Amino acid sequence: MTRIIFTYGLISGLIIIAGIIGSIILPGASHSEFVGYLIMLVALSAILIGVKQYRDRQGGGVIKFGKAFLIGLGIAAVASVVYVVVWEIYLAVTDYSFMTQYIEAALAAKRAAGVTGEAYQKAVAETEHMRAIYANPVLRLGMTFIEIFPVGLLVALVSAGLLRFSGFLPAKTRPTPA
């Protein structure tokens, strides 16, 4: 079980971080939250695959909801930790420029939308507050973990609910030799 959790957690985490970083550094790639969460959802489908593998190989095609959920939760936790660690490495390699670029883009969008005066100053104050929070490593690590873990929790719940039925994606049976 531990091997499945770490294997699929690492696979999921690496897919997520590759997709997110790719969407940041590729010219013309979308930087929307929708794209980020879509990448996470696709990568966290490794939870379904990992739980199914456990059900089919160790459970003989049967698994209870609680066991399936715990395996899925483990995979989500490993993927989330991988995401946090690699994101911190990315930040360090880029000299922690992400938040500055993010704030500049957010304020440029406000200006482009015609926000001026007091409303713009309020946006500046909010982004500076966000910069201060993000500068604190403990808060940044927690924020990064919370970006992904709830998605993994949801996928773990859905996977456990579906895979407790042995008829859902049943194990392939091998034909017996004649």
# chains A, B, ... in the order shown; residues from 1 in each chain; ligands from 1
call {"tool": "residues_around", "arguments": {"residues": "A:Ala76", "least_positions_apart": "5", "cutoff": "7 Å", "atoms": "only C-alpha atoms", "output": "list in words"}}
result
Gly9, Phe149, Gly152 and Leu153 of chain A
call {"tool": "write_last_selection", "arguments": {"atoms": "C-alpha atoms", "output": "compact mmCIF listing (two decimals), in the first residue's frame"}}
result
# COMPACT_ATOMS: atom_id res chain seq x y z
CA GLY A 9 1.72 10.50 -5.34
CA PHE A 149 -4.80 19.31 -1.31
CA GLY A 152 -6.89 15.72 -4.07
CA LEU A 153 -9.31 15.24 -1.18
call {"tool": "closest_atom_pairs", "arguments": {"of": "stretch 34-72 of chain A", "to": "stretch 79-95 of chain A", "cutoff": "10 Å", "atoms": "only C-alpha atoms", "output": "Markdown table"}}
result
| residue | atom | partner | partner_atom | distance |
| --- | --- | --- | --- | --- |
| A:Met40 | CA | A:Ala79 | CA | 9.7 |
| A:Ala43 | CA | A:Ala79 | CA | 9.1 |
| A:Leu44 | CA | A:Ala79 | CA | 7.9 |
| A:Ala46 | CA | A:Ala79 | CA | 9.6 |
| A:Ile47 | CA | A:Ala79 | CA | 9.6 |
call {"tool": "residues_around", "arguments": {"residues": "stretch 61-70 of chain A", "least_positions_apart": "4", "cutoff": "12 Å", "atoms": "only C-alpha atoms", "output": "number ranges by chain"}}
result
A: 1-2, 4-5, 47-57, 74-77, 152-173
call {"tool": "closest_residue", "arguments": {"among": "A:Ile71, A:Gln101, A:Leu41, A:Arg140", "to": "A:Thr7", "atoms": "only C-alpha atoms"}}
result
A:Ile71
call {"tool": "select_by_dssp", "arguments": {"residues": "chain A", "states": "helix (DSSP H, G or I)", "output": "PyMOL selection string"}}
result
chain A and resi 2-25+33-43+46-57+65-93+98-112+117-135+137-163
call {"tool": "closest_residue", "arguments": {"among": "A:Leu26, A:Ile11, A:Ser32, A:Ala119", "to": "A:Tyr102", "atoms": "only C-alpha atoms"}}
result
A:Ser32
call {"tool": "closest_residue", "arguments": {"among": "A:Leu139, A:Gly60, A:Ala106, A:Ile39", "to": "A:Ala123", "atoms": "only C-alpha atoms"}}
result
A:Ala106
